Every structure is written in structure tokens, then in C-alpha cells.
>>> print(open('final.cif').read())   # mmCIF, C-alpha atoms
data_upload
loop_
_atom_site.label_atom_id
_atom_site.label_comp_id
_atom_site.auth_asym_id
_atom_site.auth_seq_id
_atom_site.Cartn_x
_atom_site.Cartn_y
_atom_site.Cartn_z
CA MET A 17 143.13 94.61 97.00
CA THR A 18 140.66 92.74 94.86
CA SER A 19 136.94 93.44 94.73
CA ALA A 20 136.32 90.08 96.43
CA THR A 21 138.44 91.02 99.46
CA LEU A 22 136.74 94.40 99.58
CA ALA A 23 133.32 92.73 99.59
CA GLY A 24 134.49 90.42 102.36
CA LEU A 25 135.60 93.37 104.47
CA VAL A 26 132.22 95.02 103.92
CA GLY A 27 130.63 91.74 105.07
CA ALA A 28 132.73 91.80 108.26
CA ALA A 29 131.76 95.42 108.92
CA LEU A 30 128.08 94.58 108.36
CA VAL A 31 128.23 91.78 110.92
CA GLY A 32 129.70 94.22 113.46
CA LEU A 33 127.10 96.90 112.71
CA GLY A 34 124.22 94.44 112.84
CA LEU A 35 125.44 92.94 116.10
CA TYR A 36 125.52 96.40 117.65
CA GLY A 37 121.97 97.07 116.48
CA VAL A 38 120.65 93.77 117.81
CA ILE A 39 122.17 94.37 121.24
CA ALA A 40 121.86 98.12 121.69
CA ASP A 41 118.51 99.04 120.08
CA PRO A 42 115.49 98.29 122.27
CA GLN A 43 112.99 98.53 119.37
CA LEU A 44 112.08 95.05 118.15
CA LEU A 45 111.64 96.13 114.52
CA ARG A 46 115.14 97.65 114.57
CA LYS A 47 116.47 94.42 116.02
CA ILE A 48 114.94 92.51 113.08
CA LEU A 49 116.58 94.95 110.64
CA ALA A 50 119.92 94.60 112.42
CA PHE A 51 119.60 90.83 112.45
CA ASN A 52 119.14 90.89 108.69
CA LEU A 53 122.30 93.03 108.43
CA ILE A 54 124.25 90.32 110.27
CA GLY A 55 122.78 87.72 107.95
CA SER A 56 123.70 89.53 104.76
CA GLY A 57 127.19 90.19 106.16
CA VAL A 58 127.69 86.47 106.74
CA PHE A 59 126.39 85.76 103.23
CA LEU A 60 128.93 88.22 101.79
CA VAL A 61 131.82 86.57 103.63
CA PHE A 62 130.60 83.23 102.28
CA GLY A 63 130.31 84.88 98.86
CA ILE A 64 134.01 85.63 98.71
CA VAL A 65 134.71 82.00 99.57
CA ALA A 66 132.67 81.21 96.45
CA ARG A 67 134.59 83.79 94.43
CA LYS A 68 137.94 82.42 95.54
CA GLY A 69 136.77 78.97 94.47
CA ALA A 70 136.61 80.11 90.85
CA ALA A 71 137.67 77.15 88.71
CA ALA A 72 136.68 75.00 85.75
CA GLY A 73 135.72 78.03 83.68
CA LEU A 74 133.32 79.37 86.34
CA SER A 75 133.85 82.78 87.96
CA ALA A 76 132.68 81.47 91.33
CA ASP A 77 132.05 78.15 93.05
CA PRO A 78 128.34 77.35 92.54
CA VAL A 79 127.91 75.39 95.79
CA PRO A 80 128.27 78.34 98.22
CA GLN A 81 126.17 80.45 95.84
CA ALA A 82 123.32 77.95 96.02
CA MET A 83 123.63 77.84 99.82
CA VAL A 84 123.49 81.64 100.04
CA ILE A 85 120.33 81.64 97.88
CA THR A 86 118.80 79.11 100.25
CA GLY A 87 119.95 81.24 103.18
CA ILE A 88 118.35 84.43 101.84
CA VAL A 89 115.00 82.67 101.53
CA VAL A 90 115.20 81.16 105.02
CA ALA A 91 116.23 84.56 106.46
CA PHE A 92 113.09 86.02 104.90
CA ALA A 93 110.93 83.30 106.46
CA ALA A 94 112.48 84.00 109.88
CA SER A 95 111.91 87.75 109.44
CA ALA A 96 108.26 87.10 108.58
CA ILE A 97 107.71 85.23 111.83
CA ALA A 98 109.63 87.85 113.82
CA VAL A 99 107.55 90.65 112.29
CA ALA A 100 104.31 88.78 113.00
CA LEU A 101 105.37 88.32 116.65
CA THR A 102 106.30 92.00 116.96
CA LEU A 103 103.00 93.17 115.49
CA ARG A 104 101.03 90.84 117.76
CA LEU A 105 102.95 92.08 120.80
CA SER A 106 102.18 95.65 119.83
CA GLU A 107 98.48 94.82 119.29
CA GLU A 108 98.20 93.10 122.66
CA THR A 109 100.26 95.43 124.86
CA GLY A 110 100.87 98.56 122.78
CA ALA A 111 104.61 98.08 123.29
CA THR A 112 107.24 97.85 120.54
CA THR A 113 110.00 96.80 122.93
CA LEU A 114 110.39 94.01 125.42
CA PRO A 115 110.64 95.03 129.09
CA PRO A 116 114.38 94.79 129.83
CA ASP A 117 114.04 92.81 133.06
CA ALA A 118 111.15 90.55 132.00
CA LEU A 119 113.34 87.48 132.10
CA ALA A 120 114.79 88.30 135.51
CA ARG A 121 111.40 88.23 137.26
CA PRO A 122 110.05 85.13 138.91
CA PRO A 123 107.21 83.48 137.00
CA GLY A 124 103.72 84.65 137.86
CA GLU A 125 104.89 88.20 138.34
CA GLY A 126 104.14 89.45 134.82
CA ALA A 127 105.60 92.42 133.02
CA ASP A 128 102.47 94.45 133.83
CA ALA A 129 103.19 94.30 137.58
CA GLU A 130 105.16 97.54 137.48
CA MET B 26 143.91 102.59 90.29
CA SER B 27 141.53 101.13 87.77
CA VAL B 28 138.03 102.48 87.25
CA LEU B 29 136.45 99.26 88.46
CA LEU B 30 138.39 99.31 91.71
CA ALA B 31 137.32 102.91 92.29
CA LEU B 32 133.71 101.84 91.69
CA ASP B 33 134.14 98.91 94.08
CA ILE B 34 135.48 101.17 96.82
CA GLY B 35 132.66 103.65 96.26
CA LEU B 36 130.09 100.85 96.37
CA ALA B 37 131.64 99.45 99.56
CA PHE B 38 131.40 102.82 101.31
CA LEU B 39 127.85 103.33 100.08
CA VAL B 40 126.71 99.90 101.32
CA PHE B 41 128.36 100.53 104.67
CA ALA B 42 126.87 104.02 105.00
CA VAL B 43 123.32 102.88 104.20
CA ALA B 44 123.71 99.92 106.58
CA ALA B 45 124.84 102.33 109.30
CA TRP B 46 121.74 104.44 108.55
CA THR B 47 119.44 101.47 109.11
CA VAL B 48 121.06 100.97 112.55
CA PHE B 49 121.29 104.62 113.64
CA ALA B 50 118.38 106.34 111.87
CA PRO B 51 116.10 108.20 114.29
CA GLY B 52 112.82 106.54 113.21
CA GLY B 53 111.92 102.94 112.45
CA PHE B 54 110.23 103.84 109.17
CA ALA B 55 113.26 105.75 107.87
CA ALA B 56 115.52 102.88 108.92
CA THR B 57 113.35 100.37 107.05
CA VAL B 58 113.38 102.42 103.85
CA GLY B 59 117.16 102.52 104.25
CA TYR B 60 117.18 98.75 104.50
CA VAL B 61 115.44 98.37 101.12
CA VAL B 62 118.02 100.65 99.49
CA TYR B 63 120.74 98.67 101.23
CA GLY B 64 119.40 95.41 99.76
CA LEU B 65 119.49 96.80 96.23
CA LEU B 66 123.06 98.10 96.68
CA LEU B 67 124.05 94.73 98.09
CA SER B 68 122.82 92.98 94.95
CA LEU B 69 125.29 95.18 93.01
CA VAL B 70 128.05 93.86 95.26
CA TRP B 71 126.91 90.32 94.44
CA ILE B 72 127.19 91.11 90.74
CA ARG B 73 130.75 92.28 91.36
CA LEU B 74 131.38 88.86 92.96
CA PHE B 75 130.13 87.27 89.70
CA ALA B 76 127.24 85.67 91.57
CA VAL B 77 124.35 86.86 89.39
CA ASP B 78 121.94 84.23 90.72
CA VAL B 79 122.55 85.47 94.26
CA ALA B 80 122.23 89.09 93.11
CA LEU B 81 118.80 88.34 91.63
CA THR B 82 117.71 86.58 94.82
CA GLU B 83 118.99 89.41 97.02
CA ALA B 84 117.20 92.03 94.90
CA ALA B 85 113.93 90.06 94.69
CA ILE B 86 113.69 88.51 98.17
CA GLY B 87 116.33 90.15 100.40
CA SER B 88 115.41 93.65 99.35
CA GLY B 89 112.03 93.44 97.61
CA VAL B 90 109.77 91.01 99.45
CA THR B 91 111.50 91.53 102.83
CA GLY B 92 111.22 95.28 102.19
CA VAL B 93 107.44 95.11 101.69
CA LEU B 94 107.10 93.04 104.85
CA LEU B 95 109.22 95.40 106.97
CA ILE B 96 107.77 98.64 105.56
CA GLY B 97 104.27 97.33 106.26
CA ALA B 98 105.30 96.52 109.84
CA ALA B 99 107.09 99.87 110.32
CA ALA B 100 104.02 101.76 109.10
CA ARG B 101 101.79 99.92 111.58
CA LEU B 102 104.22 100.44 114.47
CA ARG B 103 104.82 104.10 113.70
CA GLY B 104 102.53 105.51 116.35
CA ALA B 105 103.59 103.14 119.12
CA GLU B 106 107.31 103.57 118.68
CA ALA B 107 108.07 106.34 121.15
CA THR B 108 107.68 104.07 124.20
CA ALA B 109 111.18 103.22 125.43
CA ARG B 110 113.90 105.18 123.77
CA GLU B 111 116.32 105.80 126.62
CA GLY B 112 117.56 102.24 127.23
CA LEU B 113 121.29 102.02 127.74
CA THR B 114 123.82 104.44 129.17
CA GLY B 115 126.63 105.86 127.06
CA LEU B 116 129.23 103.73 128.78
CA THR B 117 127.35 100.48 128.10
CA ARG B 118 126.92 101.50 124.46
CA LEU B 119 130.64 102.14 124.18
CA PHE B 120 131.36 98.74 125.68
CA ILE B 121 128.97 97.02 123.25
CA ALA B 122 130.47 98.94 120.34
CA GLY B 123 133.95 97.81 121.40
CA LEU B 124 132.91 94.17 121.47
CA CYS B 125 131.15 94.42 118.09
CA LEU B 126 134.25 96.05 116.66
CA LEU B 127 136.24 93.10 117.96
CA VAL B 128 133.93 90.62 116.20
CA ALA B 129 134.05 92.61 112.96
CA GLY B 130 137.83 92.91 113.24
CA ALA B 131 138.27 89.18 113.74
CA LEU B 132 136.08 88.47 110.70
CA ALA B 133 138.00 91.02 108.65
CA ALA B 134 141.27 89.34 109.64
CA VAL B 135 139.88 85.99 108.50
CA VAL B 136 138.86 87.56 105.18
CA LEU B 137 142.33 89.01 104.68
CA LEU B 138 144.03 85.74 105.61
CA LEU B 139 142.02 83.62 103.16
CA PRO B 140 144.26 82.03 100.52
CA ASP B 141 143.92 83.42 97.02
CA GLU B 142 142.65 80.14 95.68
CA GLY B 143 140.34 78.38 98.08
CA PRO B 144 138.96 74.87 98.00
CA THR B 145 136.30 74.52 95.37
CA LEU B 146 133.63 72.15 94.11
CA ALA B 147 133.34 73.98 90.78
CA PRO B 148 135.10 71.25 88.72
CA GLN B 149 132.83 68.54 90.14
CA SER B 150 129.71 70.57 89.52
CA MET B 151 130.75 71.24 85.92
CA GLN B 152 131.70 67.60 85.38
CA SER B 153 128.23 66.22 86.11
CA LEU B 154 126.37 69.14 84.54
CA PRO B 155 125.72 67.38 81.16
CA GLU B 156 123.96 64.53 82.97
CA THR B 157 121.42 66.94 84.46
CA GLY B 158 120.71 68.58 81.09
CA LEU B 159 121.01 71.99 82.77
CA GLY B 160 123.32 74.85 81.75
CA ASN B 161 123.34 76.79 85.02
CA PRO B 162 125.52 75.08 87.66
CA VAL B 163 123.84 76.98 90.52
CA THR B 164 120.44 75.58 89.52
CA ALA B 165 122.06 72.15 89.24
CA VAL B 166 123.34 72.43 92.82
CA LEU B 167 119.93 73.54 94.06
CA ILE B 168 117.74 71.01 92.26
CA ALA B 169 120.07 68.12 91.50
CA TYR B 170 123.22 67.77 93.64
CA ARG B 171 121.82 69.16 96.86
CA SER B 172 118.14 68.69 96.13
CA PHE B 173 117.43 67.28 99.59
CA ASP B 174 118.46 70.64 101.11
CA THR B 175 116.22 72.53 98.78
CA MET B 176 113.26 70.26 99.51
CA LEU B 177 113.74 70.72 103.26
CA GLU B 178 113.97 74.46 102.76
CA LYS B 179 110.51 74.38 101.18
CA VAL B 180 109.34 72.61 104.33
CA VAL B 181 110.87 75.42 106.40
CA LEU B 182 108.83 77.91 104.37
CA VAL B 183 105.63 75.95 105.03
CA LEU B 184 106.48 75.85 108.76
CA ALA B 185 107.02 79.61 108.69
CA VAL B 186 103.51 80.08 107.25
CA VAL B 187 102.13 77.82 109.99
CA GLY B 188 104.00 79.93 112.55
CA VAL B 189 102.68 83.22 111.18
CA TRP B 190 99.08 81.97 110.93
CA SER B 191 99.25 80.67 114.49
CA LEU B 192 99.59 84.26 115.69
CA ALA B 193 96.03 85.07 114.62
CA ALA B 194 93.55 86.02 117.30
CA ASP B 195 91.05 83.23 117.99
CA ARG B 196 88.09 84.89 116.28
CA PHE B 197 90.05 85.43 113.06
CA TRP B 198 91.26 81.81 112.79
CA GLY B 199 90.59 80.54 109.27
CA GLY B 200 89.83 84.03 107.97
CA GLY B 201 91.82 86.00 105.45
CA PRO B 202 94.87 88.17 106.17
CA GLY B 203 95.13 91.81 105.23
CA GLU B 204 92.48 94.19 103.99
CA ALA B 205 89.23 93.11 102.35
CA ARG B 206 88.65 93.79 98.67
CA ALA B 207 87.67 97.43 98.23
CA GLU B 208 84.49 98.54 96.47
CA ARG B 209 86.38 101.48 95.02
CA PRO B 210 90.11 100.78 94.98
CA GLU B 211 92.46 103.73 95.22
CA PRO B 212 92.79 104.76 91.53
CA THR B 213 96.57 105.27 91.39
CA LEU B 214 97.35 101.91 93.00
CA ALA B 215 94.72 100.14 90.91
CA PHE B 216 96.13 101.59 87.69
CA PHE B 217 99.63 100.67 88.77
CA ALA B 218 98.55 97.10 89.50
CA GLN B 219 96.69 96.74 86.21
CA VAL B 220 99.62 97.97 84.12
CA LEU B 221 102.53 96.43 86.00
CA VAL B 222 101.21 93.04 87.02
CA PRO B 223 100.74 91.44 83.55
CA ILE B 224 104.28 92.47 82.61
CA GLY B 225 105.63 91.34 85.97
CA ILE B 226 104.05 87.90 85.63
CA LEU B 227 105.74 87.50 82.25
CA VAL B 228 109.08 88.55 83.77
CA GLY B 229 108.62 86.14 86.68
CA VAL B 230 107.83 83.18 84.41
CA HIS B 231 110.75 84.13 82.17
CA VAL B 232 113.21 84.31 85.08
CA PHE B 233 112.02 80.89 86.24
CA TRP B 234 112.26 79.39 82.74
CA VAL B 235 115.74 80.68 81.84
CA GLY B 236 116.99 79.51 85.26
CA ALA B 237 117.86 76.14 83.71
CA ASP B 238 120.62 77.68 81.59
CA GLU B 239 121.10 81.29 82.66
CA PRO B 240 120.99 83.12 86.01
CA GLY B 241 117.49 82.84 87.45
CA GLY B 242 115.38 79.99 88.73
CA ALA B 243 112.50 78.97 90.96
CA PHE B 244 113.32 81.30 93.88
CA GLN B 245 113.84 84.44 91.87
CA GLY B 246 110.93 83.81 89.52
CA GLY B 247 108.68 82.79 92.40
CA ALA B 248 109.58 85.95 94.33
CA ILE B 249 108.66 88.14 91.34
CA LEU B 250 105.34 86.32 90.94
CA ALA B 251 104.70 86.74 94.68
CA ALA B 252 105.41 90.47 94.37
CA MET B 253 102.82 90.74 91.59
CA TRP B 254 100.17 89.08 93.75
CA ILE B 255 101.12 91.34 96.67
CA ILE B 256 100.68 94.42 94.45
CA VAL B 257 97.18 93.33 93.43
CA MET B 258 96.28 92.71 97.08
CA MET B 259 97.76 96.06 98.14
CA ALA B 260 95.73 97.85 95.48
CA ARG B 261 92.75 96.01 97.02
CA LEU B 262 91.60 94.82 93.60
CA THR B 263 91.45 91.43 95.25
CA GLU B 264 91.76 90.21 98.81
CA ALA B 265 93.98 87.57 100.32
CA PRO B 266 92.23 84.18 100.35
CA GLN B 267 90.81 82.70 103.54
CA THR B 268 93.55 80.72 105.25
CA SER B 269 91.14 77.82 105.63
CA ALA B 270 90.72 77.54 101.84
CA PHE B 271 91.61 74.08 100.59
CA TRP B 272 93.23 75.30 97.37
CA LEU B 273 95.51 77.64 99.31
CA ARG B 274 96.73 74.90 101.62
CA ALA B 275 97.21 72.56 98.66
CA ALA B 276 99.21 75.28 96.85
CA LEU B 277 101.42 75.77 99.91
CA ILE B 278 102.48 72.13 100.02
CA ALA B 279 102.40 71.33 96.28
CA GLY B 280 106.08 72.18 95.76
CA PRO B 281 107.61 70.12 98.58
CA ALA B 282 105.07 67.30 98.03
CA VAL B 283 105.95 66.91 94.34
CA PHE B 284 109.64 67.24 95.17
CA LEU B 285 109.39 64.56 97.84
CA ALA B 286 107.34 62.23 95.61
CA VAL B 287 109.89 62.46 92.79
CA GLY B 288 112.71 62.02 95.32
CA VAL B 289 111.18 58.88 96.82
CA ALA B 290 110.34 57.53 93.35
CA GLY B 291 114.04 57.98 92.55
CA ALA B 292 114.84 55.35 95.17
CA ALA B 293 112.84 52.78 93.18
CA VAL B 294 113.62 53.91 89.64
CA ALA B 295 117.06 55.51 89.69
CA GLY B 296 118.75 53.67 92.52
CA GLY B 297 118.82 56.34 95.21
CA TYR B 298 116.71 58.88 97.08
CA PHE B 299 116.56 62.13 95.13
CA ALA B 300 118.35 60.55 92.17
CA TYR B 301 117.01 61.20 88.70
CA PRO B 302 116.93 58.45 86.06
CA PRO B 303 119.50 59.15 83.34
CA GLY B 304 118.04 60.96 80.36
CA LEU B 305 114.96 62.06 82.29
CA ALA B 306 116.75 64.48 84.62
CA LYS B 307 115.93 67.71 82.76
CA PRO B 308 112.18 67.09 82.33
CA LEU B 309 111.89 65.94 85.94
CA ILE B 310 113.81 68.98 87.20
CA LEU B 311 111.57 71.32 85.22
CA PHE B 312 108.49 69.46 86.50
CA ILE B 313 109.61 69.92 90.12
CA GLU B 314 110.66 73.52 89.54
CA THR B 315 107.29 74.43 88.05
CA PHE B 316 105.50 73.34 91.21
CA MET B 317 108.18 74.90 93.39
CA THR B 318 107.94 78.27 91.67
CA PHE B 319 104.17 78.24 92.18
CA THR B 320 104.50 77.24 95.84
CA ILE B 321 107.26 79.79 96.49
CA ALA B 322 105.10 82.55 94.98
CA VAL B 323 102.10 81.62 97.15
CA THR B 324 104.22 81.10 100.29
CA LEU B 325 106.12 84.39 100.06
CA ALA B 326 102.92 86.32 99.41
CA MET B 327 101.21 84.66 102.39
CA LEU B 328 104.21 85.39 104.65
CA VAL B 329 104.02 89.07 103.69
CA ALA B 330 100.23 89.12 104.16
CA GLY B 331 100.71 87.98 107.78
CA PRO B 332 98.28 86.29 110.17
CA PRO B 333 94.52 86.33 109.44
CA ARG B 334 92.88 89.62 110.40
CA ARG B 335 89.38 89.18 108.98
CA GLU B 336 86.69 86.99 110.44
CA PRO B 337 86.13 83.82 108.45
CA ARG B 338 83.09 83.60 106.20
CA ARG B 339 81.22 80.35 106.28
#
>>> encode(input="final.cif", output="C-alpha cells")
Amino acid sequence: MTSATLAGLVGAALVGLGLYGVIADPQLLRKILAFNLIGSGVFLVFGIVARKGAAAGLSADPVPQAMVITGIVVAFAASAIAVALTLRLSEETGATTLPPDALARPPGEGADAE
Amino acid sequence: MSVLLALDIGLAFLVFAVAAWTVFAPGGFAATVGYVVYGLLLSLVWIRLFAVDVALTEAAIGSGVTGVLLIGAAARLRGAEATAREGLTGLTRLFIAGLCLLVAGALAAVVLLLPDEGPTLAPQSMQSLPETGLGNPVTAVLIAYRSFDTMLEKVVLVLAVVGVWSLAADRFWGGGPGEARAERPEPTLAFFAQVLVPIGILVGVHVFWVGADEPGGAFQGGAILAAMWIIVMMARLTEAPQTSAFWLRAALIAGPAVFLAVGVAGAAVAGGYFAYPPGLAKPLILFIETFMTFTIAVTLAMLVAGPPRREPRR
């Protein structure tokens, strides 16, 4: 097994772990963390595509590398917005989770009706 | 088994274990600290994939700047966290875990089934490299071959700042984010900021400058510069500028604006949008990158600072 394959397997495991965190953890901050785990897992899988594209004297294909760099920056921007939303929610309502059945209620009957 | 393979396996387990900690740790703050460690370990994995540019970006932005953002948020949410912890039943969790395992397994199978030599654009990117005057093919992809992508990504960053600022309460609109400048800054932090920041600025400019030929570039250098500004603001030696300040808004759009102007000029001068005239590619790329580095530094710092929380001064 090469180090590239190993890194790809770690990427796959990270996607699984992150997915579990996003679904199972009610805390919004933990969801953001888990979402970033998924992202970096996907980047790693893409990274081994770059590594396997080694040619022309390069150790890795530069195109996927550049796209991963772009992706890391965009992931940060998304996290910044998500964090700002979470903090605002906590300032307004004191909650750090979303009410689980908020979407199932008819409009007009807010989350504070309980 | 070679030493390097043993190291790789150890690193893989370590990355996985720390990632599992960020998902299963009992408290949000502990999980976030785990995430920062995870980001640094991940940049080692990137080095093992011979992607040093990505490793630098992951360490600077994925772990560093994201880490500051998340730790700040975790610290502010610490008291409120205990609200809803029960959530799902054991059976549901098991079901979710099974499905996630399925996704991870499918991805792992894809990874194992990949051919040893995949399709690649490396020869093409090396072929045109002399025309750009650059020595680092990754920088060439970012600023020359796929420059349109990179310009749009700058626009995404500006939109993210707009999104974060929009979350300000009405009375703070136009004010500055974060804490005001302190009369007496905390001595340890102030000392740290005074010693580290001048060196850090040099490192940031260096990483940007060598990016033309060696690993590095506008993103990595800009992230380091942003970190230096964040440190000074955290030490409260200075305060974040008012979000209504004209210079701040100009700084936020300088990078994409210059990029776009050069790109459109290329249509008239070089025969295509985002084309560079032959012979002038390197100076133009450096010109764009200088503005981009500056804008990235300001943007990342503003995204970490968050929405305005001080009332605007007239």
C-alpha cells in the first residue's frame, strides 16, 4: 500500500466521521466542525487523484492541488458565515441547537410556542 | 516495512483519532482545540502527498485562521452549551453510524480501485509554464490557467464578508467588530504581539513572494498576514476598523477589482479575457497577486472578527 492510498483511505474515513457528526450531534458548533471534517476528507481523496497524476517531472498534478487550495479558502468563508449565524442565534435565543421539529411546524407557530 | 510507511500508518491513525475526538469529545471547546491539532496533522499528510502548497494552505487557513474563528466561537458558546444534549436514541445513532460507514466504505472502495496512473494535466501545465514566467505550476494554475476561478473565489470571499456583516444588530451597523482598543492591554498578549508580529509580517510577505517559483503564494502569505493583524487585535493594541470605513471597503474589493480589470484589459490587448500579453505575464501576475494578498489578508481577518459589535462613531 502506498502512502497515497493510505491518505485516500483516511479521507474516506474522515468523510464518514464528519457525516456522522453533522447528523447526530445537535450542537451547531459541533456540526460546523464535523462539516469541515467532511470537507477535508473530500480534499484528501482529491489529493490522491493529484498524486496519481504525477507526470512531467512533477510529483503531483498541479490542477487538483490548485482546486483544493481554492476549496480550503471557500470552506473557511462558509465556516465564518456559519459561526456568525450560530453566535447570533445564541445571542438572540440563548440556544446553541436548533429545535428538532422547527421545520415540521406550520408557519406562524414559532419555536417559542412550546 | 520501510520506515516511511510505518510513519505514514502512524500518521493516518493519529489523524483519524484526533478527528474522532473532534466528533465525540464531551465539550465543544475541547473538540475545537482537537480540530486545530487535526488541521496541523493533516498538513503533514499533504506533505506526504507531495502537495506542499496545499500543506501550507491547510496549516495557515484550514487549521490556523479557521482555528481562531472556531475557538473564539466555542469560548463564547461555552456557558450556553448544556441546553439539549439528549437528542437521539441509541438505536437511531446506530442506524446513522451504519449509513455513514456505508458512505465511507464506498469512498474507500473507490480509492482502492483508482488506477495507479490517473489522468493528468501535469504535462500541459509544465509545457506552458515558461510563457507565464513562473516556476511554481500550482501558482500558474491559480493565477494564469484558471485565473477566472480564482477571481470568482475572491468574489465569494467578499460575499462572505457581506454575509457576516449583515448579521449585526441594527444599532451596531457600520460600527467595528470585536473589542475596542484597551487603555492597558494585557501585558503578556501585548508583548507577544509586539515581538511576533514584525517577524510574522516578514514571513507572510516572503511566502507570498517566493510563491512564484517555490511553494507559497497569495493565499498562504495573505493568511499569515491576516493572522498577524488578528494577533494585534486580540492583544487589543488596536481595534478592528469601523465596517463603514471607506478604506476598509476599498481594501476588501481591491484584489478582485484589479484582477477583473487586468482580465478585461486582456480581451483588448492579448486577444482573450484573462489572457496576459506575451512577455508581460510575470509582472502582471505579480501585480495582481500583490493586491490579492492584501485583500486576502484583510478579508480573512474581517471574517474572523465577525459582525460589528460596537456602536458606530460619527
>>> resolve_selection(input="final.cif", expression="the PyMOL selection byres ((chain B and resi 34) around 12)", output="list of chain:residue names")
A:Met17, A:Thr18, A:Ser19, A:Ala20, A:Thr21, A:Leu22, A:Ala23, A:Leu25, A:Val26, B:Met26, B:Ser27, B:Val28, B:Leu29, B:Leu30, B:Ala31, B:Leu32, B:Asp33, B:Gly35, B:Leu36, B:Ala37, B:Phe38, B:Leu39, B:Val40, B:Phe41, B:Val70, B:Arg73
>>> closest_residue(input="final.cif", among="B:Leu309, B:Val294, B:Ile226, B:Ala42", to="chain A", atoms="all atoms listed in the file")
B:Ala42
>>> resolve_selection(input="final.cif", expression="the PyMOL selection byres ((chain A and resi 42-51) around 8)", output="count of residues only")
33
>>> closest_residue(input="final.cif", among="B:Ile313, B:Leu159, B:Val329, B:Ala251", to="Ala85 (chain B)", atoms="all atoms listed in the file")
B:Ala251
>>> atom_distance(input="final.cif", atom1="CA of Leu192 (chain B)", atom2="CA of Pro332 (chain B)")
6.0 Å
>>> closest_residue(input="final.cif", among="B:Leu132, B:Val222, B:Ala207, B:Val183", to="chain A", atoms="all atoms listed in the file")
B:Leu132
>>> atom_distance(input="final.cif", atom1="CA of Met83 (chain A)", atom2="CA of Phe244 (chain B)")
12.4 Å
>>> atom_distance(input="final.cif", atom1="CA of Ala265 (chain B)", atom2="CA of Glu204 (chain B)")
7.7 Å
>>> resolve_selection(input="final.cif", expression="the PyMOL selection byres ((chain B and resi 62) around 12)", output="number ranges by chain")
B: 39-44, 46-47, 55-61, 63-69, 83-84, 87-89, 91-92
>>> residues_around(input="final.cif", residues="Ala276 (chain B)", least_positions_apart="5", cutoff="12 Å", atoms="only C-alpha atoms", output="PDB file with C-alpha atoms, keeping the file's coordinate frame")
ATOM      1  CA  VAL B 183     105.630  75.950 105.030  1.00  0.00           C
ATOM      2  CA  PRO B 266      92.230  84.180 100.350  1.00  0.00           C
ATOM      3  CA  THR B 268      93.550  80.720 105.250  1.00  0.00           C
ATOM      4  CA  ALA B 270      90.720  77.540 101.840  1.00  0.00           C
ATOM      5  CA  PHE B 271      91.610  74.080 100.590  1.00  0.00           C
ATOM      6  CA  PRO B 281     107.610  70.120  98.580  1.00  0.00           C
ATOM      7  CA  ALA B 282     105.070  67.300  98.030  1.00  0.00           C
ATOM      8  CA  VAL B 283     105.950  66.910  94.340  1.00  0.00           C
ATOM      9  CA  THR B 315     107.290  74.430  88.050  1.00  0.00           C
ATOM     10  CA  PHE B 316     105.500  73.340  91.210  1.00  0.00           C
ATOM     11  CA  MET B 317     108.180  74.900  93.390  1.00  0.00           C
ATOM     12  CA  THR B 318     107.940  78.270  91.670  1.00  0.00           C
ATOM     13  CA  PHE B 319     104.170  78.240  92.180  1.00  0.00           C
ATOM     14  CA  THR B 320     104.500  77.240  95.840  1.00  0.00           C
ATOM     15  CA  ILE B 321     107.260  79.790  96.490  1.00  0.00           C
ATOM     16  CA  ALA B 322     105.100  82.550  94.980  1.00  0.00           C
ATOM     17  CA  VAL B 323     102.100  81.620  97.150  1.00  0.00           C
ATOM     18  CA  THR B 324     104.220  81.100 100.290  1.00  0.00           C
ATOM     19  CA  LEU B 325     106.120  84.390 100.060  1.00  0.00           C
ATOM     20  CA  ALA B 326     102.920  86.320  99.410  1.00  0.00           C
ATOM     21  CA  MET B 327     101.210  84.660 102.390  1.00  0.00           C
TER      22      MET B 327
END
>>> decode(input="final.cif", residues="region 60-99 of chain A", atoms="C-alpha atoms", output="mmCIF file, in the first residue's frame")
data_model
loop_
_atom_site.group_PDB
_atom_site.id
_atom_site.type_symbol
_atom_site.label_atom_id
_atom_site.label_comp_id
_atom_site.auth_asym_id
_atom_site.auth_seq_id
_atom_site.Cartn_x
_atom_site.Cartn_y
_atom_site.Cartn_z
ATOM 1 C CA LEU A 60 -7.723 14.332 0.685
ATOM 2 C CA VAL A 61 -9.473 11.991 -1.760
ATOM 3 C CA PHE A 62 -8.968 14.636 -4.443
ATOM 4 C CA GLY A 63 -5.357 14.939 -3.275
ATOM 5 C CA ILE A 64 -4.595 11.335 -4.138
ATOM 6 C CA VAL A 65 -6.051 11.933 -7.597
ATOM 7 C CA ALA A 66 -3.432 14.683 -7.867
ATOM 8 C CA ARG A 67 -0.717 12.363 -6.583
ATOM 9 C CA LYS A 68 -1.642 9.642 -9.061
ATOM 10 C CA GLY A 69 -1.426 12.237 -11.826
ATOM 11 C CA ALA A 70 2.298 12.652 -11.199
ATOM 12 C CA ALA A 71 3.931 13.245 -14.582
ATOM 13 C CA ALA A 72 6.263 15.547 -16.489
ATOM 14 C CA GLY A 73 8.744 15.655 -13.624
ATOM 15 C CA LEU A 74 6.113 16.786 -11.092
ATOM 16 C CA SER A 75 5.277 14.686 -8.027
ATOM 17 C CA ALA A 76 1.596 15.581 -8.292
ATOM 18 C CA ASP A 77 -0.808 17.086 -10.813
ATOM 19 C CA PRO A 78 -0.942 20.844 -10.069
ATOM 20 C CA VAL A 79 -4.543 21.346 -11.242
ATOM 21 C CA PRO A 80 -6.281 19.413 -8.420
ATOM 22 C CA GLN A 81 -3.822 20.963 -5.960
ATOM 23 C CA ALA A 82 -4.854 24.459 -7.018
ATOM 24 C CA MET A 83 -8.526 23.479 -6.756
ATOM 25 C CA VAL A 84 -8.013 22.109 -3.242
ATOM 26 C CA ILE A 85 -6.318 25.375 -2.220
ATOM 27 C CA THR A 86 -9.318 27.270 -3.573
ATOM 28 C CA GLY A 87 -11.596 24.833 -1.745
ATOM 29 C CA ILE A 88 -9.875 25.317 1.621
ATOM 30 C CA VAL A 89 -10.340 29.080 1.373
ATOM 31 C CA VAL A 90 -14.006 28.790 0.368
ATOM 32 C CA ALA A 91 -14.605 26.281 3.201
ATOM 33 C CA PHE A 92 -13.210 28.856 5.605
ATOM 34 C CA ALA A 93 -15.537 31.546 4.241
ATOM 35 C CA ALA A 94 -18.519 29.206 4.680
ATOM 36 C CA SER A 95 -17.430 28.373 8.241
ATOM 37 C CA ALA A 96 -17.183 32.081 9.045
ATOM 38 C CA ILE A 97 -20.789 32.654 7.994
ATOM 39 C CA ALA A 98 -21.965 29.532 9.828
ATOM 40 C CA VAL A 99 -20.188 30.637 13.017
#
